Amino acid sequence: MSDRQIHPAFEGDMAASYDARNEPLAPLRDALQLILGQLFLRDLPGEADILCVGAGTGLEIAALAELAPGWRFTALDPSADMLAICRQRMEAAGLSDRCRTVTAYIDELDDGIAYHAATSILASHFITDRTERQAYFAGIAARLRPGALLVNADLCGDRTSPTFDALEQAWLSMLSVTGMNEDGRELYRDMLKKSVGLLAPDDLAGLIASAGFTPPVRVYQGGLIHGHFAHRA
């Protein structure tokens with residue numbers, strides 16, 4: 001694996017507490033997973049190879065695996081600490097034979113599998129350079145079969161919109177359910193400006209399309225989280 005810098009939120013003790021910190025936001029996650037599952041059931045055969053990019057602790061894999069016993073998963077993530085938790089979750093759920101973990105970035109994955117589908121959930125917004133972000137989605141496209149499904153979700157927002165400030169404030173207020181105090185919310189607001197590639201939803205969709213996908217369809221919004229699906233062109 002390359003020596004790229006991993007976000008500190010996904011290493012060590014922060015990785016170990018990641019799920020617990022975000023559990024108060026589970027309703028947002030569950031709604032997205034409901035949509036994700038129905039898209040997969042519609043598009044995928046009973047036996048399929050699924051690539052989960054930025055798989056983290058494997059929550060989406062555990063949910064998807066319940067839908068079809070013939071689906072196989074590759075959990076790709078640069079954080080070994082997050083993938084260690086993913087493996088524990090797969091072992092506890094009896095899914096170890098259906099899910100392999102790969103500690104790498106998308107451009108480092110060379111397994112020869114032509115995947116039926118891919119997910120990228122709350123991952124690409126950490127790529128702040130637009131060219132690198134397009135390359136990220138192009139890397140996913142290159143590892144998919146023609147017509148394969150991609151489901152993506154990222155933090156999005158149009159800072160030029162007259163309603164953005166109100167949306168951002170509503171999102172920050174909602175984060176108080178995680179125990180985040182006012183100082184923490186101000187730090188989070190600063191992080192959105194400096195460490196997140198916050199694109200307008202339509203701009204993100206255009207970026208994904210330019211990387212080798214059909215025009216993405218927006219199917220989900222929960223605060224700043226926007227979910228799209230598309231197919232490899």
# chains A, B, ... in the order shown; residues from 1 in each chain; ligands from 1

call {"tool": "residues_around", "arguments": {"residues": "A:His228", "least_positions_apart": "2", "cutoff": "8 Å", "atoms": "only C-alpha atoms", "output": "list in words"}}
result
Val151, Asn152, Ala153, Ala205, Pro216, Val217, Arg218, Val219, Tyr220, His226 and Ala230 of chain A

call {"tool": "write_last_selection", "arguments": {"atoms": "C-alpha atoms", "output": "PDB file, in the first residue's frame"}}
result
ATOM      1  CA  VAL A 151     -24.287   3.634  -5.276  1.00  0.00           C
ATOM      2  CA  ASN A 152     -22.511   6.671  -3.864  1.00  0.00           C
ATOM      3  CA  ALA A 153     -23.258   8.847  -0.840  1.00  0.00           C
ATOM      4  CA  ALA A 205     -23.292  13.908 -10.207  1.00  0.00           C
ATOM      5  CA  PRO A 216     -26.390   9.695 -11.668  1.00  0.00           C
ATOM      6  CA  VAL A 217     -29.855   9.733 -10.144  1.00  0.00           C
ATOM      7  CA  ARG A 218     -30.227  11.346  -6.724  1.00  0.00           C
ATOM      8  CA  VAL A 219     -32.285   9.016  -4.531  1.00  0.00           C
ATOM      9  CA  TYR A 220     -31.515  10.163  -0.996  1.00  0.00           C
ATOM     10  CA  HIS A 226     -26.806  12.975  -0.622  1.00  0.00           C
ATOM     11  CA  ALA A 230     -25.514   5.292 -11.633  1.00  0.00           C
TER      12      ALA A 230
END

call {"tool": "closest_atom_pairs", "arguments": {"of": "stretch 81-162 of chain A", "to": "stretch 35-49 of chain A", "cutoff": "10 Å", "atoms": "only C-alpha atoms", "output": "JSON lines"}}
result
{"residue": "A:Arg98", "atom": "CA", "partner": "A:Asp49", "partner_atom": "CA", "distance": 9.6}
{"residue": "A:Cys99", "atom": "CA", "partner": "A:Asp49", "partner_atom": "CA", "distance": 9.8}
{"residue": "A:Ile113", "atom": "CA", "partner": "A:Asp49", "partner_atom": "CA", "distance": 7.9}
{"residue": "A:Ala114", "atom": "CA", "partner": "A:Asp49", "partner_atom": "CA", "distance": 7.7}
{"residue": "A:Tyr115", "atom": "CA", "partner": "A:Asp49", "partner_atom": "CA", "distance": 5.1}
{"residue": "A:His116", "atom": "CA", "partner": "A:Asp49", "partner_atom": "CA", "distance": 5.5}
{"residue": "A:Ala117", "atom": "CA", "partner": "A:Asp49", "partner_atom": "CA", "distance": 6.9}
{"residue": "A:Ala118", "atom": "CA", "partner": "A:Asp49", "partner_atom": "CA", "distance": 8.8}
{"residue": "A:Thr119", "atom": "CA", "partner": "A:Leu36", "partner_atom": "CA", "distance": 8.9}
{"residue": "A:Leu144", "atom": "CA", "partner": "A:Asp49", "partner_atom": "CA", "distance": 9.6}
{"residue": "A:Gly147", "atom": "CA", "partner": "A:Asp43", "partner_atom": "CA", "distance": 9.6}
{"residue": "A:Ala148", "atom": "CA", "partner": "A:Asp43", "partner_atom": "CA", "distance": 8.2}
{"residue": "A:Leu149", "atom": "CA", "partner": "A:Asp43", "partner_atom": "CA", "distance": 7.2}
{"residue": "A:Leu150", "atom": "CA", "partner": "A:Phe40", "partner_atom": "CA", "distance": 9.5}
{"residue": "A:Val151", "atom": "CA", "partner": "A:Leu36", "partner_atom": "CA", "distance": 7.0}
{"residue": "A:Asn152", "atom": "CA", "partner": "A:Leu36", "partner_atom": "CA", "distance": 9.4}

call {"tool": "select_by_dssp", "arguments": {"residues": "stretch 35-166 of chain A", "states": "helix (DSSP H, G or I)", "output": "ChimeraX atom specification"}}
result
/A:35-43,59-65,80-92,106-108,124-126,130-142,164-166

call {"tool": "select_by_dssp", "arguments": {"residues": "stretch 59-216 of chain A", "states": "strand (DSSP E)", "output": "PyMOL selection string"}}
result
chain A and resi 71-77+99-103+115-121+144-155

call {"tool": "write_last_selection", "arguments": {"atoms": "N, CA and C atoms", "output": "PDB file, in the first residue's frame"}}
result
ATOM      1  N   TRP A  71     -24.234 -13.347  -2.709  1.00  0.00           N
ATOM      2  CA  TRP A  71     -23.414 -12.166  -2.962  1.00  0.00           C
ATOM      3  C   TRP A  71     -22.093 -12.258  -2.210  1.00  0.00           C
ATOM      4  N   ARG A  72     -20.998 -11.908  -2.916  1.00  0.00           N
ATOM      5  CA  ARG A  72     -19.650 -11.917  -2.344  1.00  0.00           C
ATOM      6  C   ARG A  72     -19.124 -10.477  -2.314  1.00  0.00           C
ATOM      7  N   PHE A  73     -18.360 -10.149  -1.287  1.00  0.00           N
ATOM      8  CA  PHE A  73     -17.965  -8.761  -1.049  1.00  0.00           C
ATOM      9  C   PHE A  73     -16.451  -8.620  -0.933  1.00  0.00           C
ATOM     10  N   THR A  74     -15.951  -7.532  -1.497  1.00  0.00           N
ATOM     11  CA  THR A  74     -14.577  -7.093  -1.253  1.00  0.00           C
ATOM     12  C   THR A  74     -14.659  -5.769  -0.507  1.00  0.00           C
ATOM     13  N   ALA A  75     -14.163  -5.765   0.706  1.00  0.00           N
ATOM     14  CA  ALA A  75     -14.143  -4.551   1.538  1.00  0.00           C
ATOM     15  C   ALA A  75     -12.795  -3.879   1.352  1.00  0.00           C
ATOM     16  N   LEU A  76     -12.810  -2.761   0.649  1.00  0.00           N
ATOM     17  CA  LEU A  76     -11.572  -2.038   0.330  1.00  0.00           C
ATOM     18  C   LEU A  76     -11.495  -0.771   1.172  1.00  0.00           C
ATOM     19  N   ASP A  77     -10.381  -0.594   1.866  1.00  0.00           N
ATOM     20  CA  ASP A  77     -10.210   0.604   2.694  1.00  0.00           C
ATOM     21  C   ASP A  77      -8.720   0.783   2.964  1.00  0.00           C
ATOM     22  N   CYS A  99     -16.760 -12.427   2.497  1.00  0.00           N
ATOM     23  CA  CYS A  99     -16.205 -11.080   2.498  1.00  0.00           C
ATOM     24  C   CYS A  99     -14.702 -11.128   2.743  1.00  0.00           C
ATOM     25  N   ARG A 100     -13.966 -10.579   1.831  1.00  0.00           N
ATOM     26  CA  ARG A 100     -12.522 -10.440   2.024  1.00  0.00           C
ATOM     27  C   ARG A 100     -12.199  -8.959   2.177  1.00  0.00           C
ATOM     28  N   THR A 101     -11.169  -8.671   2.945  1.00  0.00           N
ATOM     29  CA  THR A 101     -10.767  -7.292   3.187  1.00  0.00           C
ATOM     30  C   THR A 101      -9.442  -7.026   2.490  1.00  0.00           C
ATOM     31  N   VAL A 102      -9.345  -5.837   1.907  1.00  0.00           N
ATOM     32  CA  VAL A 102      -8.130  -5.428   1.205  1.00  0.00           C
ATOM     33  C   VAL A 102      -7.748  -4.037   1.693  1.00  0.00           C
ATOM     34  N   THR A 103      -6.571  -3.928   2.284  1.00  0.00           N
ATOM     35  CA  THR A 103      -6.088  -2.637   2.776  1.00  0.00           C
ATOM     36  C   THR A 103      -5.364  -1.933   1.639  1.00  0.00           C
ATOM     37  N   TYR A 115     -16.488  -6.557 -11.216  1.00  0.00           N
ATOM     38  CA  TYR A 115     -17.538  -6.503 -10.200  1.00  0.00           C
ATOM     39  C   TYR A 115     -18.899  -6.170 -10.802  1.00  0.00           C
ATOM     40  N   HIS A 116     -19.942  -6.748 -10.198  1.00  0.00           N
ATOM     41  CA  HIS A 116     -21.317  -6.480 -10.612  1.00  0.00           C
ATOM     42  C   HIS A 116     -21.846  -5.161 -10.055  1.00  0.00           C
ATOM     43  N   ALA A 117     -21.243  -4.687  -8.979  1.00  0.00           N
ATOM     44  CA  ALA A 117     -21.726  -3.467  -8.325  1.00  0.00           C
ATOM     45  C   ALA A 117     -20.646  -2.940  -7.400  1.00  0.00           C
ATOM     46  N   ALA A 118     -20.797  -1.665  -7.047  1.00  0.00           N
ATOM     47  CA  ALA A 118     -19.871  -1.041  -6.100  1.00  0.00           C
ATOM     48  C   ALA A 118     -20.627  -0.051  -5.230  1.00  0.00           C
ATOM     49  N   THR A 119     -20.126   0.146  -4.038  1.00  0.00           N
ATOM     50  CA  THR A 119     -20.620   1.187  -3.154  1.00  0.00           C
ATOM     51  C   THR A 119     -19.464   2.095  -2.761  1.00  0.00           C
ATOM     52  N   SER A 120     -19.775   3.353  -2.561  1.00  0.00           N
ATOM     53  CA  SER A 120     -18.836   4.314  -1.994  1.00  0.00           C
ATOM     54  C   SER A 120     -19.670   5.196  -1.069  1.00  0.00           C
ATOM     55  N   ILE A 121     -19.631   4.884   0.207  1.00  0.00           N
ATOM     56  CA  ILE A 121     -20.503   5.538   1.180  1.00  0.00           C
ATOM     57  C   ILE A 121     -19.677   6.438   2.098  1.00  0.00           C
ATOM     58  N   LEU A 144     -15.485  -2.361 -12.737  1.00  0.00           N
ATOM     59  CA  LEU A 144     -16.866  -2.827 -12.847  1.00  0.00           C
ATOM     60  C   LEU A 144     -17.138  -3.407 -14.228  1.00  0.00           C
ATOM     61  N   ARG A 145     -18.107  -4.312 -14.284  1.00  0.00           N
ATOM     62  CA  ARG A 145     -18.612  -4.788 -15.560  1.00  0.00           C
ATOM     63  C   ARG A 145     -19.382  -3.659 -16.254  1.00  0.00           C
ATOM     64  N   PRO A 146     -19.472  -3.683 -17.577  1.00  0.00           N
ATOM     65  CA  PRO A 146     -20.345  -2.716 -18.256  1.00  0.00           C
ATOM     66  C   PRO A 146     -21.771  -2.825 -17.725  1.00  0.00           C
ATOM     67  N   GLY A 147     -22.362  -1.687 -17.422  1.00  0.00           N
ATOM     68  CA  GLY A 147     -23.719  -1.657 -16.886  1.00  0.00           C
ATOM     69  C   GLY A 147     -23.820  -1.906 -15.403  1.00  0.00           C
ATOM     70  N   ALA A 148     -22.688  -2.128 -14.735  1.00  0.00           N
ATOM     71  CA  ALA A 148     -22.715  -2.424 -13.303  1.00  0.00           C
ATOM     72  C   ALA A 148     -23.171  -1.208 -12.501  1.00  0.00           C
ATOM     73  N   LEU A 149     -23.768  -1.481 -11.365  1.00  0.00           N
ATOM     74  CA  LEU A 149     -24.355  -0.458 -10.508  1.00  0.00           C
ATOM     75  C   LEU A 149     -23.322   0.161  -9.577  1.00  0.00           C
ATOM     76  N   LEU A 150     -23.387   1.476  -9.428  1.00  0.00           N
ATOM     77  CA  LEU A 150     -22.653   2.201  -8.395  1.00  0.00           C
ATOM     78  C   LEU A 150     -23.652   2.949  -7.531  1.00  0.00           C
ATOM     79  N   VAL A 151     -23.530   2.803  -6.216  1.00  0.00           N
ATOM     80  CA  VAL A 151     -24.287   3.634  -5.276  1.00  0.00           C
ATOM     81  C   VAL A 151     -23.277   4.446  -4.477  1.00  0.00           C
ATOM     82  N   ASN A 152     -23.432   5.753  -4.532  1.00  0.00           N
ATOM     83  CA  ASN A 152     -22.511   6.671  -3.864  1.00  0.00           C
ATOM     84  C   ASN A 152     -23.286   7.568  -2.906  1.00  0.00           C
ATOM     85  N   ALA A 153     -22.697   7.864  -1.764  1.00  0.00           N
ATOM     86  CA  ALA A 153     -23.258   8.847  -0.840  1.00  0.00           C
ATOM     87  C   ALA A 153     -22.117   9.681  -0.284  1.00  0.00           C
ATOM     88  N   ASP A 154     -22.320  10.985  -0.269  1.00  0.00           N
ATOM     89  CA  ASP A 154     -21.301  11.906   0.217  1.00  0.00           C
ATOM     90  C   ASP A 154     -21.965  13.100   0.881  1.00  0.00           C
ATOM     91  N   LEU A 155     -21.195  13.817   1.666  1.00  0.00           N
ATOM     92  CA  LEU A 155     -21.622  15.132   2.122  1.00  0.00           C
ATOM     93  C   LEU A 155     -21.591  16.079   0.924  1.00  0.00           C
TER      94      LEU A 155
END

call {"tool": "residues_around", "arguments": {"residues": "A:Asp81", "least_positions_apart": "3", "cutoff": "7 Å", "atoms": "only C-alpha atoms", "output": "list in words"}}
result
Glu11, Gly12, Ala15, Ala84 and Ile85 of chain A

call {"tool": "closest_residue", "arguments": {"among": "A:Gly112, A:Gly54, A:Gly157, A:Gly206", "to": "A:Lys193", "atoms": "only C-alpha atoms"}}
result
A:Gly157

call {"tool": "decode", "arguments": {"residues": "stretch 69-106 of chain A", "atoms": "N, CA and C atoms", "output": "mmCIF file, in the first residue's frame"}}
result
data_model
loop_
_atom_site.group_PDB
_atom_site.id
_atom_site.type_symbol
_atom_site.label_atom_id
_atom_site.label_comp_id
_atom_site.auth_asym_id
_atom_site.auth_seq_id
_atom_site.Cartn_x
_atom_site.Cartn_y
_atom_site.Cartn_z
ATOM 1 N N PRO A 69 -27.800 -14.703 -0.237
ATOM 2 C CA PRO A 69 -26.689 -15.523 0.267
ATOM 3 C C PRO A 69 -25.592 -15.749 -0.758
ATOM 4 N N GLY A 70 -25.856 -15.463 -2.037
ATOM 5 C CA GLY A 70 -24.851 -15.679 -3.062
ATOM 6 C C GLY A 70 -23.991 -14.470 -3.380
ATOM 7 N N TRP A 71 -24.234 -13.347 -2.709
ATOM 8 C CA TRP A 71 -23.414 -12.166 -2.962
ATOM 9 C C TRP A 71 -22.093 -12.258 -2.210
ATOM 10 N N ARG A 72 -20.998 -11.908 -2.916
ATOM 11 C CA ARG A 72 -19.650 -11.917 -2.344
ATOM 12 C C ARG A 72 -19.124 -10.477 -2.314
ATOM 13 N N PHE A 73 -18.360 -10.149 -1.287
ATOM 14 C CA PHE A 73 -17.965 -8.761 -1.049
ATOM 15 C C PHE A 73 -16.451 -8.620 -0.933
ATOM 16 N N THR A 74 -15.951 -7.532 -1.497
ATOM 17 C CA THR A 74 -14.577 -7.093 -1.253
ATOM 18 C C THR A 74 -14.659 -5.769 -0.507
ATOM 19 N N ALA A 75 -14.163 -5.765 0.706
ATOM 20 C CA ALA A 75 -14.143 -4.551 1.538
ATOM 21 C C ALA A 75 -12.795 -3.879 1.352
ATOM 22 N N LEU A 76 -12.810 -2.761 0.649
ATOM 23 C CA LEU A 76 -11.572 -2.038 0.330
ATOM 24 C C LEU A 76 -11.495 -0.771 1.172
ATOM 25 N N ASP A 77 -10.381 -0.594 1.866
ATOM 26 C CA ASP A 77 -10.210 0.604 2.694
ATOM 27 C C ASP A 77 -8.720 0.783 2.964
ATOM 28 N N PRO A 78 -8.226 2.012 2.974
ATOM 29 C CA PRO A 78 -6.811 2.212 3.297
ATOM 30 C C PRO A 78 -6.494 2.072 4.780
ATOM 31 N N SER A 79 -7.524 2.066 5.634
ATOM 32 C CA SER A 79 -7.296 1.991 7.080
ATOM 33 C C SER A 79 -7.337 0.547 7.571
ATOM 34 N N ALA A 80 -6.197 0.046 7.983
ATOM 35 C CA ALA A 80 -6.136 -1.303 8.533
ATOM 36 C C ALA A 80 -6.943 -1.413 9.823
ATOM 37 N N ASP A 81 -7.005 -0.322 10.595
ATOM 38 C CA ASP A 81 -7.738 -0.348 11.858
ATOM 39 C C ASP A 81 -9.240 -0.488 11.617
ATOM 40 N N MET A 82 -9.764 0.224 10.618
ATOM 41 C CA MET A 82 -11.184 0.106 10.306
ATOM 42 C C MET A 82 -11.497 -1.298 9.769
ATOM 43 N N LEU A 83 -10.629 -1.823 8.927
ATOM 44 C CA LEU A 83 -10.878 -3.148 8.361
ATOM 45 C C LEU A 83 -10.761 -4.254 9.412
ATOM 46 N N ALA A 84 -9.967 -4.030 10.444
ATOM 47 C CA ALA A 84 -9.891 -5.020 11.531
ATOM 48 C C ALA A 84 -11.252 -5.150 12.202
ATOM 49 N N ILE A 85 -11.946 -4.031 12.385
ATOM 50 C CA ILE A 85 -13.295 -4.057 12.958
ATOM 51 C C ILE A 85 -14.261 -4.707 11.976
ATOM 52 N N CYS A 86 -14.083 -4.422 10.697
ATOM 53 C CA CYS A 86 -14.915 -5.053 9.669
ATOM 54 C C CYS A 86 -14.786 -6.569 9.729
ATOM 55 N N ARG A 87 -13.567 -7.067 9.835
ATOM 56 C CA ARG A 87 -13.368 -8.523 9.911
ATOM 57 C C ARG A 87 -14.032 -9.104 11.147
ATOM 58 N N GLN A 88 -13.936 -8.409 12.270
ATOM 59 C CA GLN A 88 -14.603 -8.885 13.490
ATOM 60 C C GLN A 88 -16.107 -8.974 13.278
ATOM 61 N N ARG A 89 -16.673 -7.965 12.601
ATOM 62 C CA ARG A 89 -18.111 -7.952 12.332
ATOM 63 C C ARG A 89 -18.484 -9.115 11.399
ATOM 64 N N MET A 90 -17.684 -9.361 10.385
ATOM 65 C CA MET A 90 -17.975 -10.463 9.459
ATOM 66 C C MET A 90 -17.887 -11.809 10.163
ATOM 67 N N GLU A 91 -16.896 -11.974 11.019
ATOM 68 C CA GLU A 91 -16.749 -13.230 11.761
ATOM 69 C C GLU A 91 -17.944 -13.447 12.681
ATOM 70 N N ALA A 92 -18.358 -12.405 13.386
ATOM 71 C CA ALA A 92 -19.483 -12.527 14.314
ATOM 72 C C ALA A 92 -20.779 -12.859 13.590
ATOM 73 N N ALA A 93 -20.904 -12.373 12.341
ATOM 74 C CA ALA A 93 -22.124 -12.608 11.564
ATOM 75 C C ALA A 93 -22.037 -13.868 10.706
ATOM 76 N N GLY A 94 -20.921 -14.569 10.767
ATOM 77 C CA GLY A 94 -20.757 -15.769 9.949
ATOM 78 C C GLY A 94 -20.577 -15.471 8.475
ATOM 79 N N LEU A 95 -19.975 -14.322 8.166
ATOM 80 C CA LEU A 95 -19.841 -13.883 6.774
ATOM 81 C C LEU A 95 -18.398 -13.903 6.277
ATOM 82 N N SER A 96 -17.483 -14.462 7.053
ATOM 83 C CA SER A 96 -16.072 -14.403 6.678
ATOM 84 C C SER A 96 -15.791 -15.072 5.344
ATOM 85 N N ASP A 97 -16.573 -16.103 5.000
ATOM 86 C CA ASP A 97 -16.338 -16.796 3.735
ATOM 87 C C ASP A 97 -16.897 -16.033 2.539
ATOM 88 N N ARG A 98 -17.649 -14.968 2.798
ATOM 89 C CA ARG A 98 -18.245 -14.185 1.713
ATOM 90 C C ARG A 98 -17.657 -12.781 1.607
ATOM 91 N N CYS A 99 -16.760 -12.427 2.497
ATOM 92 C CA CYS A 99 -16.205 -11.080 2.498
ATOM 93 C C CYS A 99 -14.702 -11.128 2.743
ATOM 94 N N ARG A 100 -13.966 -10.579 1.831
ATOM 95 C CA ARG A 100 -12.522 -10.440 2.024
ATOM 96 C C ARG A 100 -12.199 -8.959 2.177
ATOM 97 N N THR A 101 -11.169 -8.671 2.945
ATOM 98 C CA THR A 101 -10.767 -7.292 3.187
ATOM 99 C C THR A 101 -9.442 -7.026 2.490
ATOM 100 N N VAL A 102 -9.345 -5.837 1.907
ATOM 101 C CA VAL A 102 -8.130 -5.428 1.205
ATOM 102 C C VAL A 102 -7.748 -4.037 1.693
ATOM 103 N N THR A 103 -6.571 -3.928 2.284
ATOM 104 C CA THR A 103 -6.088 -2.637 2.776
ATOM 105 C C THR A 103 -5.364 -1.933 1.639
ATOM 106 N N ALA A 104 -6.075 -1.033 0.962
ATOM 107 C CA ALA A 104 -5.510 -0.359 -0.207
ATOM 108 C C ALA A 104 -6.441 0.760 -0.648
ATOM 109 N N TYR A 105 -5.942 1.579 -1.565
ATOM 110 C CA TYR A 105 -6.755 2.567 -2.256
ATOM 111 C C TYR A 105 -7.257 1.951 -3.559
ATOM 112 N N ILE A 106 -8.256 2.586 -4.172
ATOM 113 C CA ILE A 106 -8.893 2.008 -5.344
ATOM 114 C C ILE A 106 -7.895 1.798 -6.481
#
